[in-house]
Amino acid sequence: MSRDLQLIEKDICSKICERLDKVGLLYRIFSRVKDLNSIREKIERKIEEGKPYSIEGKKMQDILGIRIVTYFYDDVNLVKEIVSDIFKYVNEEIDVIEPTVFKPKRTNIVCGFEEKHKETFDEIVKVTNNELLQLCDHTFELQLRTILSEGWHEIDHSLRYKSKDEWSKYSEKERLLNGIYANLEVNDLAMKSLFSELAYQHFKEKNWEAMLRNKYRLKFQSTALKNELKQLLNDNPTIAKQLLKADRINVINELSKFEISFPMNFNNIIYFINHIELKNNKITDLTPGLIKNLYT
């Protein structure tokens, strides 16, 4: 059983990584398949909570769990948009931030299996005739986190979520734990702001590669910026400023939809930004024909 579920897990992770790697996003991915003991434990816990699973009603939706950990706060929503192009979202739990309350923001999404994964799962249930698996749905859970909050979530899940009774009389300790998360959230925002400010400093100094690296925060290849593009930006600071001011999220999201993958380097990112947002003829004239053909 475990091996067959791991094949589904591997296929799902492969599809996600292919799409995120294509745009050079900085991230980590983790995944797990619940074993029978974990499935049984959760079923029993739901019964105790008065929210039991049933074959005809609500079923377990996280027999398979995928977690994507982004380096930057704004990439959480970006990944959510990109992955929605691959899998159907069935349900989501996205917490609204309350200004006077310290608590973590969850971005948990239930995604539906593809048809081939449904067929594989149904075959597993049929062959094993396991009653526990009959209480599991054709879905998997996708969790999105930042790299700074990931460690906190691991601690919270293992030592608080699974033993809530131990915390019930110590509300001040719960608030302190949530306060630690609040500090991490502030650091996430500060990290993004820091790189934005650094990109602007490099813009003023005409360090174009550094400007692009710190503005777009992608896994760029080491290919140097072409001399003709450097000269164009040196002679046209307005174009350089447009590259700096372009909507990073929109550019990367649109780039992820291209059917063909191109190396993520400083030259190509300028060509792509120009196609998606700037529409500048001077950059278009310098764009290689192979990339131009993507747009026609």
# chains A, B, ... in the order shown; residues from 1 in each chain; ligands from 1
call {"tool": "closest_atom_pairs", "arguments": {"of": "stretch 82-103 of chain A", "to": "stretch 58-76 of chain A", "cutoff": "12 Å", "atoms": "only C-alpha atoms", "output": "tab-separated table"}}
result
residue	atom	partner	partner_atom	distance
A:Ile82	CA	A:Val76	CA	10.1
A:Val83	CA	A:Ile68	CA	10.5
A:Val90	CA	A:Gln61	CA	10.0
A:Asn91	CA	A:Gln61	CA	10.0
A:Glu92	CA	A:Gln61	CA	11.4
A:Ile94	CA	A:Val76	CA	11.3
call {"tool": "write_last_selection", "arguments": {"atoms": "C-alpha atoms", "output": "CSV table (one decimal), in the first residue's frame"}}
result
chain,number,residue,atom,x,y,z
A,82,ILE,CA,1.1,28.7,-10.0
A,83,VAL,CA,0.0,25.4,-8.5
A,90,VAL,CA,-11.3,21.6,-3.5
A,91,ASN,CA,-11.1,23.6,-0.3
A,92,GLU,CA,-8.8,26.0,1.5
A,94,ILE,CA,-6.4,30.7,4.7
call {"tool": "residues_around", "arguments": {"residues": "A:Ile291", "least_positions_apart": "5", "cutoff": "9 Å", "atoms": "only C-alpha atoms", "output": "short mmCIF file (atom, residue, chain, number, x, y, z; two decimals) with N, CA, C and O atoms, in the first residue's frame"}}
result
data_model
loop_
_atom_site.label_atom_id
_atom_site.label_comp_id
_atom_site.auth_asym_id
_atom_site.auth_seq_id
_atom_site.Cartn_x
_atom_site.Cartn_y
_atom_site.Cartn_z
N PHE A 262 12.89 28.09 -20.66
CA PHE A 262 14.11 28.74 -21.09
C PHE A 262 15.00 28.96 -19.87
O PHE A 262 14.50 29.08 -18.75
N ASN A 268 17.24 36.79 -20.38
CA ASN A 268 15.89 36.27 -20.64
C ASN A 268 14.83 36.93 -19.78
O ASN A 268 13.71 37.17 -20.24
N TYR A 271 13.81 40.05 -21.46
CA TYR A 271 12.95 39.78 -22.62
C TYR A 271 11.53 39.43 -22.18
O TYR A 271 10.54 39.89 -22.77
N PHE A 272 11.42 38.62 -21.13
CA PHE A 272 10.11 38.17 -20.66
C PHE A 272 9.32 39.32 -20.04
O PHE A 272 8.11 39.46 -20.27
#
call {"tool": "atom_distance", "arguments": {"atom1": "atom CA of A:Lys15", "atom2": "atom CA of A:Ile86"}}
result
7.7 Å
call {"tool": "closest_residue", "arguments": {"among": "A:Leu36, A:Ile43, A:Ile276, A:Leu142", "to": "A:Gly112", "atoms": "only C-alpha atoms"}}
result
A:Leu142
call {"tool": "select_by_dssp", "arguments": {"residues": "stretch 48-196 of chain A", "states": "alpha helix (DSSP H)", "output": "ChimeraX atom specification"}}
result
/A:48,75-83,115-128,147-159,171-196
call {"tool": "closest_residue", "arguments": {"among": "A:Ile147, A:Leu133, A:Met264, A:Leu233", "to": "A:Asn187", "atoms": "only C-alpha atoms"}}
result
A:Ile147
call {"tool": "closest_residue", "arguments": {"among": "A:Asp165, A:Asp4, A:Glu205, A:Glu154", "to": "A:Tyr181", "atoms": "only C-alpha atoms"}}
result
A:Glu154
call {"tool": "select_by_dssp", "arguments": {"residues": "stretch 50-269 of chain A", "states": "strand (DSSP E or B)", "output": "PyMOL selection string"}}
result
chain A and resi 60+64-70+89-94+107-112+136+139-146
call {"tool": "write_last_selection", "arguments": {"atoms": "N, CA, C and O atoms", "output": "tab-separated table (two decimals), in the first residue's frame"}}
result
chain	number	residue	atom	x	y	z
A	60	MET	N	-11.25	11.80	5.42
A	60	MET	CA	-9.91	12.36	5.62
A	60	MET	C	-9.35	12.86	4.29
A	60	MET	O	-9.45	12.18	3.27
A	64	LEU	N	-2.18	12.09	1.99
A	64	LEU	CA	-0.94	12.56	1.36
A	64	LEU	C	-0.80	14.05	1.64
A	64	LEU	O	-1.74	14.81	1.42
A	65	GLY	N	0.35	14.46	2.15
A	65	GLY	CA	0.59	15.87	2.45
A	65	GLY	C	1.81	16.40	1.72
A	65	GLY	O	2.86	15.74	1.70
A	66	ILE	N	1.66	17.57	1.12
A	66	ILE	CA	2.77	18.25	0.43
A	66	ILE	C	2.95	19.60	1.10
A	66	ILE	O	1.98	20.32	1.32
A	67	ARG	N	4.17	19.94	1.42
A	67	ARG	CA	4.45	21.26	1.99
A	67	ARG	C	5.49	21.97	1.14
A	67	ARG	O	6.57	21.42	0.87
A	68	ILE	N	5.16	23.17	0.71
A	68	ILE	CA	6.10	24.00	-0.05
A	68	ILE	C	6.52	25.16	0.83
A	68	ILE	O	5.67	25.91	1.33
A	69	VAL	N	7.81	25.30	1.01
A	69	VAL	CA	8.37	26.33	1.88
A	69	VAL	C	9.10	27.34	1.01
A	69	VAL	O	10.08	27.01	0.33
A	70	THR	N	8.61	28.57	0.99
A	70	THR	CA	9.21	29.61	0.15
A	70	THR	C	10.21	30.44	0.96
A	70	THR	O	10.11	30.53	2.17
A	89	TYR	N	-8.34	22.95	-6.91
A	89	TYR	CA	-8.48	23.23	-5.49
A	89	TYR	C	-9.91	22.89	-5.05
A	89	TYR	O	-10.87	23.41	-5.59
A	90	VAL	N	-10.01	22.02	-4.05
A	90	VAL	CA	-11.31	21.59	-3.53
A	90	VAL	C	-11.77	22.46	-2.38
A	90	VAL	O	-12.93	22.82	-2.26
A	91	ASN	N	-10.81	22.82	-1.53
A	91	ASN	CA	-11.12	23.62	-0.33
A	91	ASN	C	-9.84	24.29	0.14
A	91	ASN	O	-8.74	23.85	-0.20
A	92	GLU	N	-9.98	25.34	0.93
A	92	GLU	CA	-8.79	25.98	1.46
A	92	GLU	C	-9.06	26.62	2.82
A	92	GLU	O	-10.18	27.03	3.11
A	93	GLU	N	-8.03	26.63	3.64
A	93	GLU	CA	-8.06	27.29	4.94
A	93	GLU	C	-6.96	28.34	4.94
A	93	GLU	O	-5.77	28.01	5.06
A	94	ILE	N	-7.34	29.59	4.75
A	94	ILE	CA	-6.38	30.69	4.74
A	94	ILE	C	-6.83	31.69	5.80
A	94	ILE	O	-7.87	32.34	5.66
A	107	THR	N	-2.01	28.67	5.45
A	107	THR	CA	-2.39	28.60	4.05
A	107	THR	C	-2.39	27.11	3.69
A	107	THR	O	-1.38	26.56	3.24
A	108	ASN	N	-3.50	26.47	3.95
A	108	ASN	CA	-3.67	25.04	3.73
A	108	ASN	C	-4.73	24.83	2.67
A	108	ASN	O	-5.83	25.37	2.77
A	109	ILE	N	-4.40	24.05	1.65
A	109	ILE	CA	-5.29	23.87	0.51
A	109	ILE	C	-5.51	22.38	0.28
A	109	ILE	O	-4.55	21.59	0.27
A	110	VAL	N	-6.76	21.98	0.10
A	110	VAL	CA	-7.09	20.61	-0.26
A	110	VAL	C	-7.21	20.53	-1.78
A	110	VAL	O	-7.98	21.28	-2.39
A	111	CYS	N	-6.42	19.66	-2.38
A	111	CYS	CA	-6.40	19.52	-3.84
A	111	CYS	C	-6.94	18.16	-4.25
A	111	CYS	O	-6.71	17.16	-3.55
A	112	GLY	N	-7.62	18.11	-5.37
A	112	GLY	CA	-8.15	16.85	-5.86
A	112	GLY	C	-7.11	16.04	-6.62
A	112	GLY	O	-6.25	16.58	-7.31
A	136	CYS	N	-10.78	7.63	3.62
A	136	CYS	CA	-9.89	8.64	3.03
A	136	CYS	C	-10.41	9.06	1.66
A	136	CYS	O	-10.89	8.25	0.88
A	139	THR	N	-8.11	13.10	-2.32
A	139	THR	CA	-7.52	14.43	-2.20
A	139	THR	C	-6.16	14.36	-1.50
A	139	THR	O	-5.81	13.35	-0.89
A	140	PHE	N	-5.43	15.45	-1.61
A	140	PHE	CA	-4.21	15.60	-0.81
A	140	PHE	C	-4.17	17.02	-0.28
A	140	PHE	O	-4.83	17.91	-0.81
A	141	GLU	N	-3.41	17.22	0.80
A	141	GLU	CA	-3.32	18.55	1.40
A	141	GLU	C	-2.02	19.24	0.98
A	141	GLU	O	-0.94	18.64	1.03
A	142	LEU	N	-2.16	20.49	0.56
A	142	LEU	CA	-1.02	21.32	0.20
A	142	LEU	C	-0.89	22.42	1.24
A	142	LEU	O	-1.82	23.19	1.46
A	143	GLN	N	0.26	22.48	1.91
A	143	GLN	CA	0.52	23.53	2.89
A	143	GLN	C	1.60	24.45	2.35
A	143	GLN	O	2.61	23.99	1.81
A	144	LEU	N	1.39	25.76	2.51
A	144	LEU	CA	2.36	26.75	2.05
A	144	LEU	C	2.89	27.51	3.26
A	144	LEU	O	2.11	28.00	4.08
A	145	ARG	N	4.19	27.62	3.36
A	145	ARG	CA	4.84	28.29	4.49
A	145	ARG	C	6.02	29.11	3.98
A	145	ARG	O	6.54	28.88	2.89
A	146	THR	N	6.48	30.03	4.80
A	146	THR	CA	7.78	30.66	4.53
A	146	THR	C	8.85	29.89	5.29
A	146	THR	O	8.57	29.19	6.26
call {"tool": "closest_residue", "arguments": {"among": "A:Tyr200, A:Arg40, A:Pro104, A:Ala182", "to": "A:Asp156", "atoms": "only C-alpha atoms"}}
result
A:Pro104
call {"tool": "residues_around", "arguments": {"residues": "A:Lys292", "least_positions_apart": "5", "cutoff": "10 Å", "atoms": "only C-alpha atoms", "output": "compact mmCIF listing (two decimals) with N, CA and C atoms, in the first residue's frame"}}
result
# COMPACT_ATOMS: atom_id res chain seq x y z
N TYR A 271 13.81 40.05 -21.46
CA TYR A 271 12.95 39.78 -22.62
C TYR A 271 11.53 39.43 -22.18
N PHE A 272 11.42 38.62 -21.13
CA PHE A 272 10.11 38.17 -20.66
C PHE A 272 9.32 39.32 -20.04
N HIS A 275 7.96 41.45 -22.74
CA HIS A 275 6.79 40.86 -23.41
C HIS A 275 5.54 40.94 -22.54
N THR A 284 12.43 44.66 -27.72
CA THR A 284 11.91 43.67 -28.67
C THR A 284 12.88 43.44 -29.81
N ASP A 285 13.51 44.53 -30.29
CA ASP A 285 14.48 44.41 -31.39
C ASP A 285 15.69 43.57 -30.99
N LEU A 286 16.02 43.54 -29.70
CA LEU A 286 17.17 42.78 -29.22
C LEU A 286 16.81 41.36 -28.79
N THR A 287 15.51 41.05 -28.77
CA THR A 287 15.05 39.75 -28.30
C THR A 287 15.33 38.67 -29.35
call {"tool": "atom_distance", "arguments": {"atom1": "atom CA of A:Ile29", "atom2": "atom CA of A:Leu7"}}
result
16.1 Å
call {"tool": "residues_around", "arguments": {"residues": "A:Arg19", "least_positions_apart": "6", "cutoff": "12 Å", "atoms": "only C-alpha atoms", "output": "ChimeraX atom specification"}}
result
/A:12-13,25,27,78-87,252-261
